[in-house]
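Comments concern the structure below.
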Amino acid sequence: MADNREFFYRRLHSLLGVIPVGLFMTQHLVVNHFATKGEEEFNQAAGFMASLPFVYVLEALIIFLPLLFHAIYGLYIAFTAKNNVGRYSYFRNWMFMLQRWSGVITLVFVAWHVWETRVQAALGAEVNFQMMENILDNPFMLAFYIVGVLAAIFHFANGLWSFCVSWGIAVSPRSQQIVTYATLFVFVALSIIGLRAIFAFV
Amino acid sequence: MSEQKTVRFIITRQDTADSAPYNEEFEIAYRPNMNVISALMEIRRNPVNAKGEKTTPITWDMNCLEEVCGACSMNINGKPRQSCTALVDQLEQPIRLAPMSTFPVTRDLQVDRSRMFDSLKRVKAWVPIDGTYDLGPGPRMPERKRQWAYELSKCMTCGVCLEACPNVNSKSNFIGPQPLSQVRLFNAHPTGAMNRDERLETIMGDGGLANCGNSQNCVQSCPKGIPLTTSIAALNREATMQSFRSFFGSDHAVD
């Protein structure tokens, strides 16, 4: 890497985590939520997303390229930290460590999830309600999906907090605390949406 | 009360910068109002360990003895702090002393804190006024701003924030919270602000500001109560603006 690119890479990493990756995840969870209304509704919504014009371009620019950068650079960030919650068990230090753990869990989950759905679709399988029902039929996979989805949502919600601090939006201790509460709300709200969708397939 | 009260210490020692560390136990007579330094001085007077063997006196750094110089920082019962203000009466025994792990050990409890002074040089943590003629008085600083800046100026380069930071370690080149807050201090000074852009560009370099992962241990650990994470977040905002100014070009490099 060229000299003095770190600031740019870090800020890019922070930005891409929210726009577009975080926004895409939110959109994805919202579309999944159609599953609570029934098979028909879900298939229609998923079918609409899959039949968007320029879908390959949209996928590459909004999902895969930003996600790849965020994931690979994020792994580098995660493994350069030396966690010390044993000595410093402060709330933010816990969040710091959980942000790194949840990121790694999310990466494993997303890699598997993309393989199981998007790659299979490219190989000819049809991504629909039936497919998810079959996957989540297995109790191990159900647990894996619950952990993966919650890790991704936590990583996004807490990442929103660090985004606000990293870009200098929340500066004072009070403003950072308010953002903590706001992102806690994001975590709870998206978790309800995500879990309701998962259990709709069970 | 014939039983003599004693104080027990387990001290991590190291004979040279390259040799392996080892623990040595000491037991010394209790005196009221002892601090860790007076205990270390007591051991130095009679360097005999708990087993009764003669040993070498312990090496440590100290200077002001009133928690303003930052020299005597060490890990006391696992937490980095100044040994001059660590009162024996308030510590759980045995008292465990170890050198701060973020810095290279010179000997025993003495560490080399040069990296922090090098950082201060890198970020130009001073107000440049040297020249060939008298420039006259500089711009005035509002009194309330001076009072606010005074809090940031309390930094004594003790190294506790670097020791507490999970992102300051051998795998990372992060300079740590201490020099960053000094950038905010000197950029707040009316004359120091004339080099605002240079300091910002420096901390936007590799190992700089962007390496902060916001664990916020530093602000919890700072013995001087410096609002380090507020400084970092404020610098994040400044750096955002500075990156726009330097990318798009601006007529407001320093104002």
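Convention: chains lettered A, B, ... in structure tokens order; per-chain residue numbering from 1; ligands numbered from 1 as shown.
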Q | Residues near Thr106 in chain A, cut-off 12 Å, only C-alpha atoms, skip fewer than 2 positions along chain, as a VMD selection string | A | chain A and resid 25 67 70 to 71 74 to 75 98 to 104 108 to 114 144 to 156
**Q.** Spatial neighbours of Asp137 in chain A, 7 Å, only C-alpha atoms, chain gap at least 3 places, as a count of residues only
**A.** 3
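Closest approach to chain A from the set B:Leu109, B:Ala210, B:Leu162, B:Leu228 is made by B:Ala210, with distances taken over only C-alpha atoms.
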Q.
as a VMD selection string, please: every residue in range 30-159 of chain A that a backbone DSSP assignment puts in helix (DSSP H, G or I).
A. chain A and resid 30 to 37 39 to 50 55 to 80 91 to 122 129 to 136 139 to 159
If the cut-off is 6 Å, can you tell me the residues of chain A near chain B, counting only C-alpha atoms? I'd like them as a compact mmCIF listing (two decimals) with all heavy atoms, in the first residue's frame.
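This is the output file selection_30.txt:
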```txt
# COMPACT_ATOMS: atom_id res chain seq x y z
N ASN A 4 0.58 6.85 3.49
CA ASN A 4 -0.46 7.82 3.86
C ASN A 4 -1.80 7.57 3.19
O ASN A 4 -2.55 8.50 2.92
CB ASN A 4 0.02 9.24 3.60
CG ASN A 4 1.05 9.67 4.62
OD1 ASN A 4 1.01 9.21 5.76
ND2 ASN A 4 1.96 10.51 4.23
N GLU A 6 -3.80 5.32 4.66
CA GLU A 6 -4.57 4.71 5.74
C GLU A 6 -5.80 5.53 6.11
O GLU A 6 -6.88 4.99 6.31
CB GLU A 6 -3.67 4.54 6.97
CG GLU A 6 -4.20 3.53 7.94
CD GLU A 6 -3.16 3.20 9.01
OE1 GLU A 6 -2.61 4.13 9.62
OE2 GLU A 6 -2.90 2.02 9.20
N PHE A 7 -5.62 6.85 6.20
CA PHE A 7 -6.74 7.72 6.54
C PHE A 7 -7.88 7.51 5.54
O PHE A 7 -9.04 7.31 5.91
CB PHE A 7 -6.29 9.18 6.56
CG PHE A 7 -7.38 10.15 6.91
CD1 PHE A 7 -7.72 10.38 8.24
CD2 PHE A 7 -8.08 10.84 5.93
CE1 PHE A 7 -8.72 11.27 8.58
CE2 PHE A 7 -9.09 11.73 6.26
CZ PHE A 7 -9.41 11.94 7.59
N THR A 80 -5.66 -6.32 14.13
CA THR A 80 -4.58 -5.49 14.67
C THR A 80 -4.92 -4.98 16.07
O THR A 80 -4.12 -4.32 16.69
CB THR A 80 -4.26 -4.27 13.77
OG1 THR A 80 -5.48 -3.64 13.42
CG2 THR A 80 -3.51 -4.67 12.53
N ALA A 81 -6.12 -5.30 16.56
CA ALA A 81 -6.47 -4.88 17.93
C ALA A 81 -5.99 -5.93 18.91
O ALA A 81 -5.89 -7.11 18.59
CB ALA A 81 -7.97 -4.69 18.06
N LYS A 82 -5.67 -5.47 20.12
CA LYS A 82 -5.31 -6.39 21.20
C LYS A 82 -6.32 -6.14 22.31
O LYS A 82 -6.17 -5.22 23.10
CB LYS A 82 -3.88 -6.07 21.66
CG LYS A 82 -3.21 -7.18 22.40
CD LYS A 82 -1.72 -6.89 22.51
CE LYS A 82 -1.16 -7.38 23.81
NZ LYS A 82 0.19 -6.83 24.05
N ASN A 83 -7.41 -6.93 22.29
CA ASN A 83 -8.53 -6.65 23.20
C ASN A 83 -8.12 -6.78 24.65
O ASN A 83 -7.31 -7.64 25.01
CB ASN A 83 -9.68 -7.60 22.89
CG ASN A 83 -10.36 -7.22 21.60
OD1 ASN A 83 -10.80 -6.08 21.45
ND2 ASN A 83 -10.40 -8.14 20.65
N ARG A 92 -17.87 0.93 26.42
CA ARG A 92 -17.37 1.17 25.05
C ARG A 92 -16.29 0.18 24.66
O ARG A 92 -16.15 -0.18 23.49
CB ARG A 92 -16.86 2.61 24.92
CG ARG A 92 -17.91 3.58 24.47
CD ARG A 92 -18.37 3.32 23.04
NE ARG A 92 -19.78 3.61 22.89
CZ ARG A 92 -20.59 2.96 22.04
NH1 ARG A 92 -20.13 2.00 21.27
NH2 ARG A 92 -21.85 3.28 21.97
N ASN A 93 -15.50 -0.26 25.63
CA ASN A 93 -14.47 -1.24 25.32
C ASN A 93 -15.10 -2.58 24.95
O ASN A 93 -14.62 -3.29 24.06
CB ASN A 93 -13.51 -1.40 26.50
CG ASN A 93 -12.20 -2.04 26.11
OD1 ASN A 93 -11.77 -1.93 24.95
ND2 ASN A 93 -11.56 -2.72 27.05
N PHE A 96 -16.35 -2.15 21.51
CA PHE A 96 -15.18 -2.22 20.62
C PHE A 96 -14.87 -3.67 20.26
O PHE A 96 -14.70 -4.02 19.10
CB PHE A 96 -13.99 -1.56 21.32
CG PHE A 96 -12.66 -1.68 20.62
CD1 PHE A 96 -12.25 -0.72 19.72
CD2 PHE A 96 -11.81 -2.75 20.89
CE1 PHE A 96 -11.02 -0.83 19.07
CE2 PHE A 96 -10.58 -2.86 20.25
CZ PHE A 96 -10.19 -1.90 19.35
N VAL A 165 -18.97 9.03 15.13
CA VAL A 165 -17.81 9.57 15.83
C VAL A 165 -16.64 9.74 14.86
O VAL A 165 -15.96 10.76 14.88
CB VAL A 165 -17.42 8.65 17.01
CG1 VAL A 165 -16.16 9.15 17.70
CG2 VAL A 165 -18.56 8.57 18.01
N SER A 166 -16.43 8.75 13.99
CA SER A 166 -15.28 8.80 13.08
C SER A 166 -15.35 9.97 12.11
O SER A 166 -14.33 10.48 11.68
CB SER A 166 -15.18 7.51 12.26
OG SER A 166 -14.97 6.42 13.11
N TRP A 167 -16.56 10.34 11.74
CA TRP A 167 -16.69 11.45 10.79
C TRP A 167 -16.89 12.78 11.50
O TRP A 167 -17.06 13.82 10.86
CB TRP A 167 -17.84 11.19 9.82
CG TRP A 167 -17.46 10.16 8.81
CD1 TRP A 167 -17.52 8.81 8.96
CD2 TRP A 167 -16.90 10.38 7.51
NE1 TRP A 167 -17.02 8.18 7.83
CE2 TRP A 167 -16.65 9.13 6.94
CE3 TRP A 167 -16.59 11.54 6.78
CZ2 TRP A 167 -16.09 8.98 5.66
CZ3 TRP A 167 -16.04 11.39 5.50
CH2 TRP A 167 -15.80 10.12 4.96
N GLY A 168 -16.88 12.74 12.83
CA GLY A 168 -17.00 13.99 13.58
C GLY A 168 -18.41 14.52 13.64
O GLY A 168 -18.62 15.72 13.82
N VAL A 171 -19.56 14.64 18.56
CA VAL A 171 -18.28 15.00 19.17
C VAL A 171 -18.34 14.98 20.70
O VAL A 171 -17.55 14.29 21.34
CB VAL A 171 -17.80 16.38 18.66
CG1 VAL A 171 -16.60 16.85 19.46
CG2 VAL A 171 -17.44 16.31 17.18
N SER A 172 -19.29 15.69 21.27
CA SER A 172 -19.31 15.82 22.73
C SER A 172 -19.78 14.51 23.38
O SER A 172 -20.47 13.71 22.74
CB SER A 172 -20.25 16.95 23.14
OG SER A 172 -21.58 16.58 22.85
```
Q: Going by DSSP on the backbone, which bits of range 3-252 of chain B are strand (DSSP E)? Write them as an MDAnalysis selection string, please.
A: chainID B and resid 6:13 22:29 73:76 79:82 95:98 105:107 110:111
Q. What is the CA of Tyr22 in chain B-CA of Val105 in chain B distance in Å, reported with one decimal?
A.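 Answer for the CA of Tyr22 in chain B to CA of Val105 in chain B separation: 12.8 Å.
Atom pair CA of Met49 in chain A / CA of Leu136 in chain A has a distance of 21.5 Å (rounded to one decimal).
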Q. Which neighbours of Met116 in chain B fall inside 10 Å, counting only C-alpha atoms, when residues of the same chain fewer than 5 positions from it are skipped, and could you give them as an MDAnalysis selection string?
A. chainID B and resid 103 121:122 157:159 162 175:176 178:179
Q. Hey, what's within 8 Å of Val18 in chain A if we count only C-alpha atoms and toss same-chain stuff fewer than 2 positions away? As a count of residues only, please?
A. 11
(Q) When you look at Arg140 in chain B with a cut-off of 12 Å (counting only C-alpha atoms), what residues show up, excluding the ones that are within fewer than 3 positions of it in the same chain? I need them as a ChimeraX atom specification. (A) /B:136-137,143-146,188-192
Q: Skip Gln176 in chain A itself and residues of its chain fewer than 2 positions away, then list as JSON, numbers by chain all residues within 10 Å of it, counting only C-alpha atoms.
A: {"A": [161, 162, 164, 165, 169, 170, 171, 172, 173, 174, 178, 179, 180, 181, 182], "B": [230, 233]}
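Proximity to His13 in chain A was assessed for A:Pro66, A:Gly194, A:Asn43, A:Phe48 counting only C-alpha atoms; the smallest distance is recorded for A:Pro66.
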(Q) Can you measure CA of Glu24 in chain B to CA of Thr106 in chain B for me? One decimal in Å is fine. (A)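 Pair CA of Glu24 in chain B / CA of Thr106 in chain B returns 17.3 Å.
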Q: Do a neighbour search on Glu198 in chain B at 10 Å with only C-alpha atoms, toss out local chain neighbours closer than 4 positions, and write the hits as a PyMOL selection string.
A: chain B and resi 123-124+187+193-194+202-204+253-254
Let me see the file: selected residues, N, CA and C atoms, as a short mmCIF file (atom, residue, chain, number, x, y, z; two decimals), in the first residue's frame.
```
data_model
loop_
_atom_site.label_atom_id
_atom_site.label_comp_id
_atom_site.auth_asym_id
_atom_site.auth_seq_id
_atom_site.Cartn_x
_atom_site.Cartn_y
_atom_site.Cartn_z
N VAL B 123 3.94 15.83 15.43
CA VAL B 123 2.73 16.65 15.26
C VAL B 123 3.00 18.14 15.54
N LYS B 124 4.24 18.48 15.76
CA LYS B 124 4.61 19.87 16.07
C LYS B 124 3.77 20.41 17.23
N ASN B 187 -3.80 23.53 18.13
CA ASN B 187 -4.64 24.12 17.09
C ASN B 187 -5.66 25.10 17.67
N ALA B 193 -2.68 28.04 15.88
CA ALA B 193 -3.63 27.75 14.81
C ALA B 193 -3.10 28.15 13.44
N MET B 194 -2.04 28.99 13.43
CA MET B 194 -1.48 29.40 12.14
C MET B 194 -0.81 28.22 11.42
N THR B 202 -0.51 15.89 9.35
CA THR B 202 0.36 14.90 9.99
C THR B 202 -0.45 13.79 10.64
N ILE B 203 -1.49 14.16 11.41
CA ILE B 203 -2.25 13.10 12.08
C ILE B 203 -3.19 12.37 11.13
N MET B 204 -3.33 12.90 9.88
CA MET B 204 -4.10 12.16 8.88
C MET B 204 -3.20 11.19 8.12
N ALA B 253 -7.04 27.65 4.34
CA ALA B 253 -6.14 26.62 4.85
C ALA B 253 -5.98 26.70 6.36
N VAL B 254 -5.90 27.91 6.90
CA VAL B 254 -5.65 28.03 8.34
C VAL B 254 -6.67 28.93 9.05
#
```
Q.
So, with only C-alpha atoms as the atoms that count, which of B:Lys5, B:Lys224, B:Arg13, B:Arg184 lies closest to Gln110 in chain B?
A.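 Distance minimum relative to Gln110 in chain B lands on B:Arg13.
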